[in-house]
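**Q** Supplied in structure tokens, the structure appears directly below.
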Amino acid sequence: MSSQDIPEENLPAEQSAGHNDHGHGAVGVADEKNPFADPGLPPHEHRIQDIDERAARRSERTVAMMFVLSMLATVGFIVSYVAIPHDRTIYVFPIGHINALNFALGLTLGAALFLIGAGAVHWARTLMSDEELADERHPIEAEPEVKAKVMADFKQGAKESALGRRKLIRNTMFGALALFPLSGVMLLRDLGPLPGTKLRHTLWSKGKLLVNMNTNEPLRASDVAVGSLTFAKPEGLEEHDHEFQTEIAKAALMIVRIQPDDIKDKRELEWSHEGIVAYSKICTHVGCPISLYEQQTHHVLCPCHQSTFDLSDGARVIFGPAGHALPQLRIGVNDEGYLEALGDFDEPVGPAFWERG
Ligand code: FES
């Protein structure tokens, strides 16, 4: 119902009296100074609650009901906190099994806050004052006298400094000002050398042996059992090396053996040796080392933000914030049965950077 459809006697006093309050319907006129005419405000439409006391009562009851439900949710929060054992789990579709206490606390607290907010919004939209106000903008341009004074002061200052006459001073001053920023540019060198292709390459190269990080011994294919998780580094990288931390942060590997029939990704199978696969240990989210392996599902889990990767399916992300799969290292065995790399990773390891877009 619009205010046009409402009987005159039901309208609020100021409108029924024909007052054109707050500029509703008033339009401006374009002139030379203001080329765009003020379109004015559209006619004010009264809400049903402004003209029908029963509707206003209904809104009042709705708002009050939300606040009462919020109170009940708060009581539910307190009761849940006291009554639900912290180790009880429940099944909630479609999330699955979750901790009952956390679920109840989250639900009741969320409901209590939501209902307070929803009640306040409904109150404001239906019952609080519906007055529309227009705040006129003031021109921000300076008055002509102020502009003239600024220009006069500027010219006076230029004249007093004799900048036009003392050309030597003027030119050397401009030179000094132009050169000065160069010192800031030089300081940029302190940020270190440019990374070049360092971020794209690791110590892995064709023929480099995979060394067990725990025993410091080269790994044989026969050392890797189904279901085990082994961490490896490139042969020749020792802990006392100056660049050890930098290099291991890119080259660390996870080695697992999966039944070849269980490997779903064709390229993964080709890059493995008899089901032994080597993946970067560095999470592709923000670079934490991955350390948890679930042998039944072949999932690995990053402890930092719970990104989960499926090692039987190209290490694709199946949960969490990581943006892409873990890079795989192509491996084989040499004549003596030791596992070796067949090249470097074919993509940057770790978190995304600009080349990946
Ligand atoms: S660093 Fe692995 S999930 Fe964030």
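As shown in the structure tokens, the chain order sets the letters A, B, ...; within each chain, residues go from 1, and ligands are also counted from 1 in the order they appear.
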Could you list, as a short mmCIF file (atom, residue, chain, number, x, y, z; two decimals) with N, CA and C atoms, in the first residue's frame, all residues that come within 12 Å of ligand 1? Count only C-alpha atoms and all ligand atoms.

**A**
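What ended up in part_31.cif:
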```
data_model
loop_
_atom_site.label_atom_id
_atom_site.label_comp_id
_atom_site.auth_asym_id
_atom_site.auth_seq_id
_atom_site.Cartn_x
_atom_site.Cartn_y
_atom_site.Cartn_z
N LYS A 281 57.43 -31.72 0.49
CA LYS A 281 56.91 -31.73 1.86
C LYS A 281 56.39 -30.35 2.25
N ILE A 282 56.56 -29.38 1.37
CA ILE A 282 56.23 -27.99 1.72
C ILE A 282 54.80 -27.69 1.26
N CYS A 283 53.95 -27.33 2.23
CA CYS A 283 52.54 -27.09 1.93
C CYS A 283 52.40 -25.92 0.95
N THR A 284 51.48 -26.06 0.03
CA THR A 284 51.31 -25.01 -0.97
C THR A 284 50.42 -23.87 -0.48
N HIS A 285 50.03 -23.91 0.79
CA HIS A 285 49.26 -22.77 1.31
C HIS A 285 50.23 -21.67 1.73
N VAL A 286 50.83 -21.79 2.93
CA VAL A 286 51.84 -20.80 3.30
C VAL A 286 53.16 -21.45 3.68
N GLY A 287 53.38 -22.69 3.28
CA GLY A 287 54.73 -23.26 3.36
C GLY A 287 55.08 -24.02 4.62
N CYS A 288 54.12 -24.45 5.42
CA CYS A 288 54.46 -25.28 6.57
C CYS A 288 54.92 -26.66 6.09
N PRO A 289 55.79 -27.34 6.88
CA PRO A 289 56.14 -28.71 6.50
C PRO A 289 55.00 -29.66 6.83
N ILE A 290 54.65 -30.49 5.87
CA ILE A 290 53.56 -31.45 6.08
C ILE A 290 54.11 -32.65 6.82
N SER A 291 53.35 -33.17 7.76
CA SER A 291 53.94 -34.24 8.56
C SER A 291 52.98 -35.38 8.91
N LEU A 292 51.71 -35.27 8.59
CA LEU A 292 50.77 -36.30 9.03
C LEU A 292 50.28 -37.10 7.82
N VAL A 300 47.57 -36.79 3.16
CA VAL A 300 48.52 -36.13 4.07
C VAL A 300 47.89 -34.83 4.51
N LEU A 301 48.18 -34.45 5.75
CA LEU A 301 47.52 -33.30 6.36
C LEU A 301 48.57 -32.29 6.82
N CYS A 302 48.36 -31.04 6.47
CA CYS A 302 49.26 -29.98 6.94
C CYS A 302 48.77 -29.54 8.33
N PRO A 303 49.63 -29.54 9.34
CA PRO A 303 49.16 -29.22 10.69
C PRO A 303 48.81 -27.74 10.88
N CYS A 304 49.27 -26.89 9.97
CA CYS A 304 49.06 -25.45 10.21
C CYS A 304 47.61 -25.02 10.03
N HIS A 305 47.02 -25.32 8.86
CA HIS A 305 45.62 -24.90 8.63
C HIS A 305 44.80 -26.04 8.05
N GLN A 306 45.27 -27.27 8.28
CA GLN A 306 44.52 -28.49 7.93
C GLN A 306 44.29 -28.69 6.43
N SER A 307 45.13 -28.16 5.57
CA SER A 307 45.01 -28.52 4.15
C SER A 307 45.30 -30.00 4.03
N THR A 308 44.50 -30.70 3.24
CA THR A 308 44.65 -32.15 3.09
C THR A 308 44.84 -32.47 1.61
N PHE A 309 45.83 -33.33 1.33
CA PHE A 309 46.17 -33.66 -0.05
C PHE A 309 46.05 -35.18 -0.23
N VAL A 317 44.36 -31.12 -3.74
CA VAL A 317 43.82 -30.63 -2.47
C VAL A 317 42.40 -31.15 -2.32
N ILE A 318 42.13 -31.83 -1.19
CA ILE A 318 40.74 -32.27 -0.99
C ILE A 318 40.08 -31.51 0.16
N PHE A 319 40.88 -30.72 0.89
CA PHE A 319 40.29 -29.93 1.97
C PHE A 319 41.28 -28.83 2.34
N GLY A 320 40.77 -27.71 2.80
CA GLY A 320 41.63 -26.67 3.36
C GLY A 320 41.97 -25.57 2.38
N PRO A 321 42.76 -24.61 2.88
CA PRO A 321 42.98 -23.39 2.11
C PRO A 321 44.05 -23.48 1.02
N ALA A 322 44.81 -24.58 0.95
CA ALA A 322 45.87 -24.65 -0.08
C ALA A 322 45.24 -24.50 -1.46
N GLY A 323 45.93 -23.78 -2.34
CA GLY A 323 45.36 -23.46 -3.64
C GLY A 323 45.68 -24.47 -4.73
N HIS A 324 46.69 -25.29 -4.55
CA HIS A 324 47.01 -26.25 -5.60
C HIS A 324 47.74 -27.47 -5.03
N ALA A 325 47.86 -28.49 -5.90
CA ALA A 325 48.43 -29.77 -5.47
C ALA A 325 49.90 -29.63 -5.10
N LEU A 326 50.40 -30.60 -4.34
CA LEU A 326 51.83 -30.62 -4.02
C LEU A 326 52.61 -31.02 -5.27
N GLY A 350 56.05 -25.05 -2.70
CA GLY A 350 55.59 -24.16 -1.63
C GLY A 350 54.44 -23.27 -2.06
N PRO A 351 54.26 -22.17 -1.30
CA PRO A 351 53.11 -21.30 -1.56
C PRO A 351 53.16 -20.69 -2.95
N ALA A 352 52.00 -20.30 -3.42
CA ALA A 352 51.91 -19.69 -4.75
C ALA A 352 52.72 -18.39 -4.77
#
```

**Q** For Ser280 of chain A, please output as a ChimeraX atom specification all residues within 7 Å (counting only C-alpha atoms; exclusion window: fewer than 2 positions along the same chain).

**A** /A:252-254,278,282,326-328,349

**Q** Atom CA of Thr89 of chain A and atom CA of Leu101 of chain A are how many Å apart?

**A**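 These atoms are spaced 7.9 Å apart.
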
**Q** Just the strand (DSSP E or B) stuff from segment 24-140 of chain A, please, per backbone DSSP, written as an NGL selection string.

**A** :A and (24 or 41 or 89-92 or 96-99)

**Q** Skip Val121 of chain A itself and residues of its chain fewer than 5 positions away, then list as a PyMOL selection string all residues within 9 Å of it, counting only C-alpha atoms.

**A** chain A and resi 63+116+126

**Q** Go through A:Glu32, A:Glu45, A:Glu143, A:Glu340 one by one, measure the shortest atom-to-atom distance of each to Lys233 of chain A using only C-alpha atoms, and give the residue with the smallest value.

**A**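 With only C-alpha atoms as the atom set, the closest residue is A:Glu340.
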
**Q** Excluding segment 207-222 of chain A and its own-chain neighbours fewer than 6 positions away, which residues fall within 12 Å of it when counting only C-alpha atoms? Please give them as number ranges by chain.

**A** A: 229-239, 248, 251-257, 272-279, 329-344

**Q** Considering only C-alpha atoms, state which residue in the set A:Arg125, A:Glu60, A:Ile78, A:Asn102 is at the smallest distance from His46 of chain A.

**A**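 Nearest to His46 of chain A: A:Arg125.
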
**Q** Just list the residues in segment 175-325 of chain A DSSP gives alpha helix (DSSP H) on the backbone, as a list in words.

**A**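 Of segment 175-325 of chain A, the ones in alpha helix (DSSP H) are Gly175, Ala176, Leu177, Ala178, Leu179, Pro181, Leu182, Ser183, Gly184, Val185, Met186, Leu187, Phe244, Gln245, Thr246, Glu247, Ile248, Ala249, Lys250, Ala251, Lys266, Arg267, Glu268, Leu269 and Glu270 of chain A.
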
**Q** Which residues come within 9 Å of Gly227 of chain A, counting only C-alpha atoms, excluding same-chain residues fewer than 6 positions away, as JSON, numbers by chain?

**A** {"A": [256, 257, 258, 293, 294, 295, 296, 298]}

**Q** So which residues touch Ala104 of chain A within 9 Å, counting only C-alpha atoms, skipping near sequence neighbours fewer than 6 positions away, as a list in words?

**A**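 Here the qualifying residues turn out to be Gly76, Phe77, Ser80, Tyr81 and Ile84 of chain A.
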
**Q** Looking at only C-alpha atoms, which of A:Ala112, A:Ala100, A:Leu127, A:Ala37 is the one that sits closest to Ala55 of chain A?

**A**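 Checking each candidate against Ala55 of chain A, we get A:Leu127 as the closest.
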
**Q** Pick from A:Ala315, A:Ala111, A:Ile51, A:Leu269: nearest to Thr74 of chain A, with only C-alpha atoms counted?

**A**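 Distance minimum relative to Thr74 of chain A lands on A:Ala111.
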
**Q** What does the distance between atom CA of Lys167 of chain A and atom CA of Phe154 of chain A come to in Å, to one decimal place?

**A**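 For atom CA of Lys167 of chain A relative to atom CA of Phe154 of chain A, the distance reads 18.6 Å.
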